[in-house]
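Pasting start-v4.pdb here (PDB, C-alpha atoms):
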```
ATOM      1  CA  MET A   1     195.563-146.531 -96.331
ATOM      2  CA  PHE A   2     192.607-147.572 -94.172
ATOM      3  CA  GLN A   3     195.055-149.124 -91.715
ATOM      4  CA  TYR A   4     197.146-145.952 -91.761
ATOM      5  CA  ASN A   5     194.025-143.967 -90.911
ATOM      6  CA  LEU A   6     193.356-146.215 -87.912
ATOM      7  CA  TYR A   7     196.998-145.803 -86.827
ATOM      8  CA  ARG A   8     196.673-142.008 -86.806
ATOM      9  CA  ARG A   9     193.253-142.190 -85.178
ATOM     10  CA  MET A  10     194.691-144.303 -82.361
ATOM     11  CA  GLN A  11     197.373-141.668 -81.809
ATOM     12  CA  GLU A  12     194.681-138.997 -81.529
ATOM     13  CA  THR A  13     192.366-141.090 -79.323
ATOM     14  CA  TYR A  14     195.167-142.197 -76.973
ATOM     15  CA  PRO A  15     197.669-139.291 -76.952
ATOM     16  CA  ASP A  16     199.482-140.575 -73.855
ATOM     17  CA  THR A  17     199.947-144.071 -75.279
ATOM     18  CA  GLN A  18     202.667-145.253 -77.648
ATOM     19  CA  VAL A  19     201.157-146.272 -81.007
ATOM     20  CA  LYS A  20     203.272-147.936 -83.703
ATOM     21  CA  ALA A  21     202.664-149.725 -87.004
ATOM     22  CA  ASP A  22     203.631-153.286 -87.861
ATOM     23  CA  LEU A  23     204.647-153.212 -91.526
ATOM     24  CA  THR A  24     206.306-156.651 -91.618
ATOM     25  CA  TRP A  25     203.361-158.306 -93.411
ATOM     26  CA  PHE A  26     204.336-156.317 -96.500
ATOM     27  CA  TYR A  27     207.835-157.814 -96.518
ATOM     28  CA  ALA A  28     206.410-161.012 -98.026
ATOM     29  CA  ASN A  29     203.259-159.642 -99.658
ATOM     30  CA  ASP A  30     203.815-157.218-102.511
ATOM     31  CA  ASP A  31     200.574-157.500-104.489
ATOM     32  CA  HIS A  32     199.625-154.258-106.256
ATOM     33  CA  HIS A  33     203.229-153.005-105.917
ATOM     34  CA  GLY A  34     203.352-153.640-102.170
ATOM     35  CA  TYR A  35     203.722-151.002 -99.467
ATOM     36  CA  GLU A  36     204.022-147.560-101.079
ATOM     37  CA  LEU A  37     202.705-145.078 -98.519
ATOM     38  CA  GLU A  38     206.048-143.466 -97.769
ATOM     39  CA  LYS A  39     206.967-143.403-101.449
ATOM     40  CA  CYS A  40     203.711-141.591-102.266
ATOM     41  CA  PHE A  41     203.222-139.312 -99.284
ATOM     42  CA  SER A  42     206.450-138.796 -97.316
ATOM     43  CA  HIS A  43     207.600-135.345 -98.493
ATOM     44  CA  ASP A  44     207.545-131.712 -97.399
ATOM     45  CA  LEU A  45     204.026-130.942 -98.669
ATOM     46  CA  SER A  46     202.412-133.742 -96.696
ATOM     47  CA  ALA A  47     201.663-134.237 -92.995
ATOM     48  CA  PHE A  48     202.209-137.982 -93.432
ATOM     49  CA  SER A  49     203.887-139.649 -90.466
ATOM     50  CA  ILE A  50     204.340-143.248 -89.407
ATOM     51  CA  GLU A  51     206.558-145.017 -86.869
ATOM     52  CA  GLU A  52     207.327-148.668 -87.452
ATOM     53  CA  ALA A  53     207.299-151.091 -84.514
ATOM     54  CA  SER A  54     210.540-152.925 -83.779
ATOM     55  CA  TYR A  55     210.850-156.680 -84.239
ATOM     56  CA  GLY A  56     211.206-157.079 -80.480
ATOM     57  CA  GLU A  57     208.007-155.134 -79.822
ATOM     58  CA  ILE A  58     206.079-157.259 -82.325
ATOM     59  CA  LEU A  59     207.428-160.458 -80.786
ATOM     60  CA  LYS A  60     206.441-159.281 -77.309
ATOM     61  CA  LEU A  61     202.887-158.408 -78.279
ATOM     62  CA  THR A  62     202.110-161.318 -80.593
ATOM     63  CA  GLY A  63     204.267-164.111 -79.212
ATOM     64  CA  GLN A  64     205.338-164.756 -82.814
ATOM     65  CA  LEU A  65     208.607-164.161 -84.616
ATOM     66  CA  PRO A  66     207.917-161.412 -87.196
ATOM     67  CA  ASN A  67     209.256-161.315 -90.713
ATOM     68  CA  MET A  68     212.612-159.581 -90.372
ATOM     69  CA  SER A  69     213.802-159.370 -93.977
ATOM     70  CA  LYS A  70     212.605-156.642 -96.328
ATOM     71  CA  LYS A  71     214.928-157.890 -99.070
ATOM     72  CA  HIS A  72     214.144-161.614 -98.791
ATOM     73  CA  GLY A  73     210.718-161.437 -97.196
ATOM     74  CA  ARG A  74     209.143-164.415 -98.970
ATOM     75  CA  ALA A  75     212.017-166.732 -98.019
ATOM     76  CA  PHE A  76     211.985-165.514 -94.410
ATOM     77  CA  GLU A  77     208.222-166.044 -94.278
ATOM     78  CA  ARG A  78     208.807-169.749 -94.936
ATOM     79  CA  PHE A  79     211.684-169.898 -92.462
ATOM     80  CA  ARG A  80     209.713-168.456 -89.543
ATOM     81  CA  ARG A  81     206.884-171.002 -89.754
ATOM     82  CA  TYR A  82     208.712-173.662 -87.715
ATOM     83  CA  PRO A  83     209.928-171.457 -84.812
ATOM     84  CA  ASN A  84     206.478-169.891 -84.641
ATOM     85  CA  ARG A  85     204.857-173.324 -84.294
ATOM     86  CA  ILE A  86     207.159-173.936 -81.333
ATOM     87  CA  LEU A  87     206.332-170.521 -79.869
ATOM     88  CA  ARG A  88     202.593-171.204 -80.177
ATOM     89  CA  ILE A  89     202.981-174.469 -78.274
ATOM     90  CA  PHE A  90     205.128-172.816 -75.606
ATOM     91  CA  THR A  91     202.834-169.866 -75.055
ATOM     92  CA  ALA A  92     199.782-172.112 -74.946
ATOM     93  CA  GLU A  93     201.354-174.306 -72.269
ATOM     94  CA  LYS A  94     202.495-171.323 -70.221
ATOM     95  CA  ARG A  95     199.222-169.465 -70.788
ATOM     96  CA  LYS A  96     201.170-166.654 -72.386
ATOM     97  CA  PRO A  97     202.778-165.318 -69.180
ATOM     98  CA  PHE A  98     204.878-162.710 -70.999
ATOM     99  CA  ILE A  99     202.236-161.445 -73.449
ATOM    100  CA  LEU A 100     200.124-158.572 -72.142
ATOM    101  CA  ASN A 101     198.123-157.969 -75.295
ATOM    102  CA  ARG A 102     194.792-158.999 -76.702
ATOM    103  CA  MET A 103     194.622-159.833 -80.390
ATOM    104  CA  ILE A 104     191.673-158.008 -81.921
ATOM    105  CA  GLN A 105     190.256-158.516 -85.382
ATOM    106  CA  GLU A 106     187.570-156.081 -86.505
ATOM    107  CA  ILE A 107     185.948-155.599 -83.089
ATOM    108  CA  PRO A 108     183.155-153.013 -82.737
ATOM    109  CA  TYR A 109     184.018-149.353 -83.179
ATOM    110  CA  GLU A 110     182.947-148.370 -79.664
ATOM    111  CA  GLU A 111     185.314-150.916 -78.132
ATOM    112  CA  ILE A 112     188.224-149.648 -80.226
ATOM    113  CA  MET A 113     187.520-146.134 -78.972
ATOM    114  CA  HIS A 114     187.537-147.228 -75.302
ATOM    115  CA  LEU A 115     190.509-149.552 -74.867
ATOM    116  CA  ASP A 116     192.085-150.206 -71.485
ATOM    117  CA  THR A 117     195.474-148.560 -72.002
ATOM    118  CA  SER A 118     196.942-150.246 -68.945
ATOM    119  CA  LYS A 119     197.314-153.231 -71.296
ATOM    120  CA  ASP A 120     199.171-153.654 -74.553
ATOM    121  CA  TRP A 121     197.056-154.186 -77.671
ATOM    122  CA  TYR A 122     197.780-155.560 -81.122
ATOM    123  CA  LEU A 123     195.066-154.596 -83.608
ATOM    124  CA  ILE A 124     194.485-156.747 -86.689
ATOM    125  CA  GLY A 125     192.090-155.851 -89.474
ATOM    126  CA  PHE A 126     191.353-153.786 -92.557
ATOM    127  CA  TRP A 127     189.306-151.054 -90.817
ATOM    128  CA  VAL A 128     187.470-150.043 -93.992
ATOM    129  CA  GLU A 129     184.226-148.999 -92.307
ATOM    130  CA  GLU A 130     183.294-145.350 -92.668
ATOM    131  CA  CYS A 131     183.093-144.829 -88.901
ATOM    132  CA  TYR A 132     186.898-144.926 -88.678
ATOM    133  CA  TYR A 133     187.568-142.165 -91.216
ATOM    134  CA  ARG A 134     184.305-140.209 -91.558
ATOM    135  CA  ASP A 135     185.424-137.396 -89.229
ATOM    136  CA  ARG A 136     189.087-137.509 -90.345
ATOM    137  CA  THR A 137     188.743-136.712 -94.051
ATOM    138  CA  ASP A 138     190.096-133.172 -93.605
ATOM    139  CA  LYS A 139     193.136-134.552 -91.792
ATOM    140  CA  LEU A 140     193.631-137.343 -94.322
ATOM    141  CA  GLN A 141     193.639-134.790 -97.129
ATOM    142  CA  LYS A 142     196.594-133.118 -95.386
ATOM    143  CA  GLU A 143     198.396-136.335 -94.453
ATOM    144  CA  LEU A 144     198.011-138.110 -97.799
ATOM    145  CA  VAL A 145     199.204-135.428-100.208
ATOM    146  CA  PHE A 146     200.901-136.547-103.403
ATOM    147  CA  ASP A 147     204.170-134.993-104.494
ATOM    148  CA  GLN A 148     204.178-132.670-107.499
ATOM    149  CA  ASN A 149     206.702-134.621-109.603
ATOM    150  CA  TYR A 150     204.013-136.177-111.766
ATOM    151  CA  GLY A 151     205.574-135.702-115.205
ATOM    152  CA  GLU A 152     204.500-133.722-118.255
ATOM    153  CA  LYS A 153     201.659-135.986-119.383
ATOM    154  CA  ASN A 154     200.022-136.079-115.964
ATOM    155  CA  ALA A 155     200.581-132.341-115.541
ATOM    156  CA  ALA A 156     198.703-131.689-118.787
ATOM    157  CA  LEU A 157     195.827-133.924-117.688
ATOM    158  CA  LEU A 158     195.641-132.228-114.301
ATOM    159  CA  GLN A 159     195.417-128.856-116.016
ATOM    160  CA  GLU A 160     192.538-130.099-118.178
ATOM    161  CA  MET A 161     190.738-131.569-115.170
ATOM    162  CA  GLN A 162     190.916-128.277-113.315
ATOM    163  CA  GLU A 163     189.478-126.339-116.250
ATOM    164  CA  GLU A 164     186.582-128.736-116.948
ATOM    165  CA  THR A 165     183.782-130.499-115.120
ATOM    166  CA  SER A 166     185.994-133.566-114.895
ATOM    167  CA  VAL A 167     184.631-136.911-113.725
ATOM    168  CA  SER A 168     186.759-139.978-113.044
ATOM    169  CA  ILE A 169     185.431-143.452-113.831
ATOM    170  CA  HIS A 170     187.278-146.426-112.355
ATOM    171  CA  VAL A 171     186.810-149.938-113.743
ATOM    172  CA  ARG A 172     188.637-152.713-111.945
ATOM    173  CA  ARG A 173     189.118-156.030-113.689
ATOM    174  CA  GLY A 174     192.464-157.868-113.373
ATOM    175  CA  ASP A 175     192.423-160.073-110.270
ATOM    176  CA  TYR A 176     188.639-159.673-109.963
ATOM    177  CA  LEU A 177     188.451-161.973-112.990
ATOM    178  CA  THR A 178     191.119-164.402-111.768
ATOM    179  CA  ALA A 179     192.189-164.744-108.121
ATOM    180  CA  TYR A 180     188.973-163.174-106.766
ATOM    181  CA  ALA A 181     186.577-164.396-109.449
ATOM    182  CA  GLY A 182     183.127-164.869-107.942
ATOM    183  CA  GLN A 183     184.081-163.115-104.702
ATOM    184  CA  PHE A 184     183.676-159.501-105.821
ATOM    185  CA  ARG A 185     180.682-158.224-107.735
ATOM    186  CA  ASP A 186     181.212-157.731-111.455
ATOM    187  CA  LEU A 187     180.071-154.165-112.091
ATOM    188  CA  GLY A 188     178.609-154.240-115.560
ATOM    189  CA  GLU A 189     177.471-151.678-118.098
ATOM    190  CA  ASP A 190     174.219-151.092-116.214
ATOM    191  CA  TYR A 191     176.018-149.682-113.159
ATOM    192  CA  TYR A 192     178.216-147.329-115.164
ATOM    193  CA  LYS A 193     175.341-146.099-117.344
ATOM    194  CA  LYS A 194     173.268-145.304-114.250
ATOM    195  CA  ALA A 195     176.252-143.584-112.626
ATOM    196  CA  VAL A 196     176.946-141.480-115.714
ATOM    197  CA  GLY A 197     173.242-140.633-115.855
ATOM    198  CA  ARG A 198     173.318-139.259-112.303
ATOM    199  CA  ILE A 199     176.325-137.116-113.151
ATOM    200  CA  MET A 200     174.661-135.841-116.330
ATOM    201  CA  GLU A 201     171.612-134.831-114.299
ATOM    202  CA  ALA A 202     173.740-132.840-111.864
ATOM    203  CA  CYS A 203     176.431-131.344-114.120
ATOM    204  CA  ASP A 204     176.681-129.398-117.357
ATOM    205  CA  SER A 205     178.998-130.782-120.045
ATOM    206  CA  PRO A 206     181.009-133.220-117.914
ATOM    207  CA  ARG A 207     184.103-134.853-119.364
ATOM    208  CA  PHE A 208     184.829-138.406-118.273
ATOM    209  CA  TYR A 209     188.313-139.752-117.537
ATOM    210  CA  ILE A 210     188.348-143.551-117.448
ATOM    211  CA  PHE A 211     190.946-145.450-115.408
ATOM    212  CA  SER A 212     191.306-149.220-115.512
ATOM    213  CA  ASP A 213     193.800-152.073-115.352
ATOM    214  CA  ASP A 214     192.314-153.303-118.666
ATOM    215  CA  SER A 215     192.372-150.414-121.139
ATOM    216  CA  ASP A 216     191.772-152.708-124.141
ATOM    217  CA  PHE A 217     188.452-153.775-122.609
ATOM    218  CA  ILE A 218     187.536-150.157-121.887
ATOM    219  CA  ARG A 219     188.039-149.068-125.489
ATOM    220  CA  HIS A 220     185.133-151.204-126.711
ATOM    221  CA  ALA A 221     183.067-151.526-123.515
ATOM    222  CA  PHE A 222     182.526-147.750-123.263
ATOM    223  CA  ASN A 223     181.674-147.080-126.909
ATOM    224  CA  TRP A 224     178.354-145.693-125.682
ATOM    225  CA  LEU A 225     180.037-142.879-123.734
ATOM    226  CA  GLU A 226     180.963-139.649-125.500
ATOM    227  CA  ASN A 227     183.372-136.959-124.336
ATOM    228  CA  LYS A 228     185.738-139.387-122.632
ATOM    229  CA  VAL A 229     189.481-139.812-122.152
ATOM    230  CA  ILE A 230     191.032-143.210-121.452
ATOM    231  CA  VAL A 231     194.008-142.807-119.116
ATOM    232  CA  ASP A 232     196.367-145.745-119.574
ATOM    233  CA  HIS A 233     199.931-144.426-119.371
ATOM    234  CA  ASN A 234     200.568-144.751-115.617
ATOM    235  CA  THR A 235     201.872-148.295-115.250
ATOM    236  CA  GLY A 236     204.255-150.227-113.033
ATOM    237  CA  SER A 237     205.853-148.084-110.332
ATOM    238  CA  ASP A 238     203.850-145.073-111.576
ATOM    239  CA  SER A 239     200.456-146.758-111.145
ATOM    240  CA  PHE A 240     199.725-144.699-108.029
ATOM    241  CA  ARG A 241     199.552-141.608-110.232
ATOM    242  CA  ASP A 242     196.117-142.801-111.388
ATOM    243  CA  LEU A 243     194.942-142.394-107.797
ATOM    244  CA  GLN A 244     196.346-138.863-107.782
ATOM    245  CA  LEU A 245     194.590-138.002-111.050
ATOM    246  CA  MET A 246     191.250-139.474-109.965
ATOM    247  CA  SER A 247     191.358-137.554-106.695
ATOM    248  CA  SER A 248     191.925-134.371-108.722
ATOM    249  CA  CYS A 249     188.729-134.751-110.770
ATOM    250  CA  ARG A 250     185.718-132.684-109.720
ATOM    251  CA  HIS A 251     183.534-135.793-109.326
ATOM    252  CA  ASN A 252     184.145-139.543-109.047
ATOM    253  CA  ILE A 253     182.417-142.695-110.231
ATOM    254  CA  ILE A 254     184.155-145.424-108.267
ATOM    255  CA  ALA A 255     184.310-149.195-108.569
ATOM    256  CA  ASN A 256     183.981-151.770-105.803
ATOM    257  CA  SER A 257     187.630-151.134-105.083
ATOM    258  CA  THR A 258     189.436-149.308-102.301
ATOM    259  CA  PHE A 259     191.732-147.772-104.932
ATOM    260  CA  SER A 260     189.036-145.511-106.357
ATOM    261  CA  ALA A 261     187.309-145.177-102.978
ATOM    262  CA  TRP A 262     190.423-143.426-101.706
ATOM    263  CA  ALA A 263     190.419-141.154-104.749
ATOM    264  CA  ALA A 264     186.982-139.970-103.630
ATOM    265  CA  ILE A 265     188.004-139.654 -99.966
ATOM    266  CA  LEU A 266     190.985-137.492-100.953
ATOM    267  CA  ASN A 267     188.942-135.366-103.374
ATOM    268  CA  ARG A 268     189.195-131.759-102.155
ATOM    269  CA  HIS A 269     186.677-130.198-104.519
ATOM    270  CA  PRO A 270     183.791-128.622-102.585
ATOM    271  CA  ASP A 271     180.391-130.219-103.232
ATOM    272  CA  HIS A 272     181.939-133.053-105.235
ATOM    273  CA  LEU A 273     179.776-136.078-106.034
ATOM    274  CA  THR A 274     180.855-139.682-105.594
ATOM    275  CA  ILE A 275     178.805-142.436-107.218
ATOM    276  CA  TYR A 276     179.466-145.790-105.549
ATOM    277  CA  PRO A 277     178.045-149.315-105.996
ATOM    278  CA  SER A 278     175.471-150.779-103.620
ATOM    279  CA  ALA A 279     177.441-154.029-103.419
ATOM    280  CA  TYR A 280     181.150-154.728-103.337
ATOM    281  CA  LEU A 281     181.092-158.459-102.709
ATOM    282  CA  ALA A 282     179.033-160.826-104.829
ATOM    283  CA  GLY A 283     175.600-161.294-103.311
ATOM    284  CA  GLU A 284     176.242-158.935-100.409
ATOM    285  CA  ASP A 285     175.384-155.251-100.054
ATOM    286  CA  SER A 286     178.026-152.806 -98.881
ATOM    287  CA  GLU A 287     177.514-150.297 -96.103
ATOM    288  CA  THR A 288     175.631-147.120 -96.933
ATOM    289  CA  LYS A 289     177.961-144.120 -96.873
ATOM    290  CA  THR A 290     176.981-140.958 -95.042
ATOM    291  CA  LEU A 291     179.737-138.722 -96.410
ATOM    292  CA  PRO A 292     178.360-135.603 -98.132
ATOM    293  CA  GLY A 293     177.820-136.072-101.852
ATOM    294  CA  TRP A 294     178.124-139.866-101.871
ATOM    295  CA  ILE A 295     175.352-141.481-103.947
ATOM    296  CA  ARG A 296     174.653-145.227-103.808
ATOM    297  CA  ILE A 297     173.562-147.097-106.950
TER     298      ILE A 297
END
```
How does the structure come out when it is put into structure tokens?
Amino acid sequence: MFQYNLYRRMQETYPDTQVKADLTWFYANDDHHGYELEKCFSHDLSAFSIEEASYGEILKLTGQLPNMSKKHGRAFERFRRYPNRILRIFTAEKRKPFILNRMIQEIPYEEIMHLDTSKDWYLIGFWVEECYYRDRTDKLQKELVFDQNYGEKNAALLQEMQEETSVSIHVRRGDYLTAYAGQFRDLGEDYYKKAVGRIMEACDSPRFYIFSDDSDFIRHAFNWLENKVIVDHNTGSDSFRDLQLMSSCRHNIIANSTFSAWAAILNRHPDHLTIYPSAYLAGEDSETKTLPGWIRI
């Protein structure tokens, strides 16, 4: 979603330049259900739009054979390693005579906003910094609109959230305890108690909706919190509905996770509060947000 935002921002910044998205990385990488933007946001109520680059265009700009199989992406990823080694040797020897791009990975914001459009560019990165989306939140809330086919259970929850001072709490565990153990900060009880305290100071009678990939842990870890609802029915291909529900709450307490960060970015409630952690990575502070209503703990 951060990369999608950059894609649309590039279209706005360079209206006379062709801007396309390379989605081939997702052919072989389907963690967290893979690429789902079109599934979630491509419908009549949303201004979502994306144009995928062709394989030939990717080859021209990168000098590398892209993954060309959506169905057998992992197998094709292994296959393309050898021809790409040959291409790297060839382009190095020839000093890349047919490649007119520069490969950029997370270069400064000001440079991204002043590219030489007489050249081709291939941008690589996550683009999670606030500077890229801070002045596009209104547009993102029109482009990233969920469909209304959310089912009876979610419809009932949404109705409750609209009638109450609803507050989402997101707790991410899962791969933070396995594949990324030690890399991301483990947000403990102290963070969530402080966050709830800030909400209690600002709101009358809030009701807390807790979302997590480990609902069993939540049931005992949040015994101290009253007036709560544990939301655990959106699983598998419906997992994105949790993002929709969190974005519908009046306020958000987010984890060190882009999943709940986007719930807060897409929150349309005026004067909503977002409590966010001071550190995402272990031993490293995150950037301070300047969006209205965002409170760092």
Task: A:Arg136, A:Lys119, A:Arg198, A:Arg78 ranked by distance to Leu291 (chain A), top pick (using all atoms listed in the file) - done: A:Arg136
- [ ] Kindly give the distance, in Å, that separates CA of Phe184 (chain A) and CA of Ser286 (chain A), rounded to a single decimal.
- [x]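 Distance reported for this atom pair: 11.2 Å.
Selection by the PyMOL selection byres ((chain A and resi 272) around 6) on the present file picks out Arg250, His251, His269, Pro270, Asp271 and Leu273 of chain A.
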Task: Shell around Glu284 (chain A) at 10 Å using all atoms listed in the file, local window under 4 positions removed, as a list in words - done: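 Near neighbours after the sequence-gap exclusion: Gln183, Phe184, Arg185, Ser278, Ala279 and Tyr280 of chain A.
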TODO: List the residues selected by the PyMOL selection byres ((chain A and resi 226) around 12) in the file shown, writing them as an MDAnalysis selection string.
DONE: chainID A and resid 193 196 200 205:210 219 222:225 227:230
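The set of residues that the PyMOL selection byres ((chain A and resi 125) around 12) takes from this file is Phe2, Gln3, Tyr4, Leu6, Tyr7, Asp22, Met103, Ile104, Gln105, Glu106, Ile107, Pro108, Ile112, Tyr122, Leu123, Ile124, Phe126, Trp127, Val128 and Glu129 of chain A.
CA of Ala255 (chain A) lies 5.8 Å from CA of Val171 (chain A).
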- [ ] With a distance cut-off of 9 Å and only C-alpha atoms, select the neighbouring residues of Tyr14 (chain A), excluding the residue or stretch itself and same-chain residues fewer than 6 positions from it, and output the selection as an NGL selection string.
- [x] :A and (113 or 115 or 117)
Open item on the list: Calculated over all atoms listed in the file, which of the candidates A:Phe211, A:Tyr27, A:Tyr132, A:Phe76 has the smallest distance to Asp232 (chain A)?
Closed with: A:Phe211
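In this structure, CA of Ile253 (chain A) sits 5.7 Å away from CA of Thr274 (chain A).
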Incomplete region 260-275 of chain A brought to N, CA and C atoms, written out as a PDB file, in the frame of the given file:
```pdb
ATOM      1  N   SER A 260     189.809-146.690-105.961  1.00  0.00           N
ATOM      2  CA  SER A 260     189.036-145.511-106.357  1.00  0.00           C
ATOM      3  C   SER A 260     188.260-144.921-105.192  1.00  0.00           C
ATOM      4  N   ALA A 261     187.958-145.737-104.168  1.00  0.00           N
ATOM      5  CA  ALA A 261     187.309-145.177-102.978  1.00  0.00           C
ATOM      6  C   ALA A 261     188.206-144.130-102.333  1.00  0.00           C
ATOM      7  N   TRP A 262     189.505-144.399-102.300  1.00  0.00           N
ATOM      8  CA  TRP A 262     190.423-143.426-101.706  1.00  0.00           C
ATOM      9  C   TRP A 262     190.578-142.187-102.576  1.00  0.00           C
ATOM     10  N   ALA A 263     190.420-142.331-103.891  1.00  0.00           N
ATOM     11  CA  ALA A 263     190.419-141.154-104.749  1.00  0.00           C
ATOM     12  C   ALA A 263     189.291-140.218-104.349  1.00  0.00           C
ATOM     13  N   ALA A 264     188.128-140.785-104.041  1.00  0.00           N
ATOM     14  CA  ALA A 264     186.982-139.970-103.630  1.00  0.00           C
ATOM     15  C   ALA A 264     187.190-139.379-102.239  1.00  0.00           C
ATOM     16  N   ILE A 265     187.763-140.154-101.320  1.00  0.00           N
ATOM     17  CA  ILE A 265     188.004-139.654 -99.966  1.00  0.00           C
ATOM     18  C   ILE A 265     188.974-138.483 -99.988  1.00  0.00           C
ATOM     19  N   LEU A 266     189.957-138.544-100.876  1.00  0.00           N
ATOM     20  CA  LEU A 266     190.985-137.492-100.953  1.00  0.00           C
ATOM     21  C   LEU A 266     190.598-136.344-101.883  1.00  0.00           C
ATOM     22  N   ASN A 267     189.407-136.420-102.476  1.00  0.00           N
ATOM     23  CA  ASN A 267     188.942-135.366-103.374  1.00  0.00           C
ATOM     24  C   ASN A 267     188.643-134.092-102.574  1.00  0.00           C
ATOM     25  N   ARG A 268     189.328-133.015-102.907  1.00  0.00           N
ATOM     26  CA  ARG A 268     189.195-131.759-102.155  1.00  0.00           C
ATOM     27  C   ARG A 268     188.191-130.784-102.757  1.00  0.00           C
ATOM     28  N   HIS A 269     187.612-131.118-103.887  1.00  0.00           N
ATOM     29  CA  HIS A 269     186.677-130.198-104.519  1.00  0.00           C
ATOM     30  C   HIS A 269     185.421-130.042-103.657  1.00  0.00           C
ATOM     31  N   PRO A 270     185.015-128.815-103.380  1.00  0.00           N
ATOM     32  CA  PRO A 270     183.791-128.622-102.585  1.00  0.00           C
ATOM     33  C   PRO A 270     182.577-129.128-103.361  1.00  0.00           C
ATOM     34  N   ASP A 271     181.637-129.726-102.642  1.00  0.00           N
ATOM     35  CA  ASP A 271     180.391-130.219-103.232  1.00  0.00           C
ATOM     36  C   ASP A 271     180.618-131.272-104.313  1.00  0.00           C
ATOM     37  N   HIS A 272     181.720-132.016-104.222  1.00  0.00           N
ATOM     38  CA  HIS A 272     181.939-133.053-105.235  1.00  0.00           C
ATOM     39  C   HIS A 272     180.994-134.233-104.997  1.00  0.00           C
ATOM     40  N   LEU A 273     180.649-134.908-106.090  1.00  0.00           N
ATOM     41  CA  LEU A 273     179.776-136.078-106.034  1.00  0.00           C
ATOM     42  C   LEU A 273     180.608-137.339-106.197  1.00  0.00           C
ATOM     43  N   THR A 274     180.240-138.367-105.444  1.00  0.00           N
ATOM     44  CA  THR A 274     180.855-139.682-105.594  1.00  0.00           C
ATOM     45  C   THR A 274     179.750-140.698-105.797  1.00  0.00           C
ATOM     46  N   ILE A 275     179.756-141.359-106.949  1.00  0.00           N
ATOM     47  CA  ILE A 275     178.805-142.436-107.218  1.00  0.00           C
ATOM     48  C   ILE A 275     179.491-143.745-106.849  1.00  0.00           C
TER      49      ILE A 275
END
```
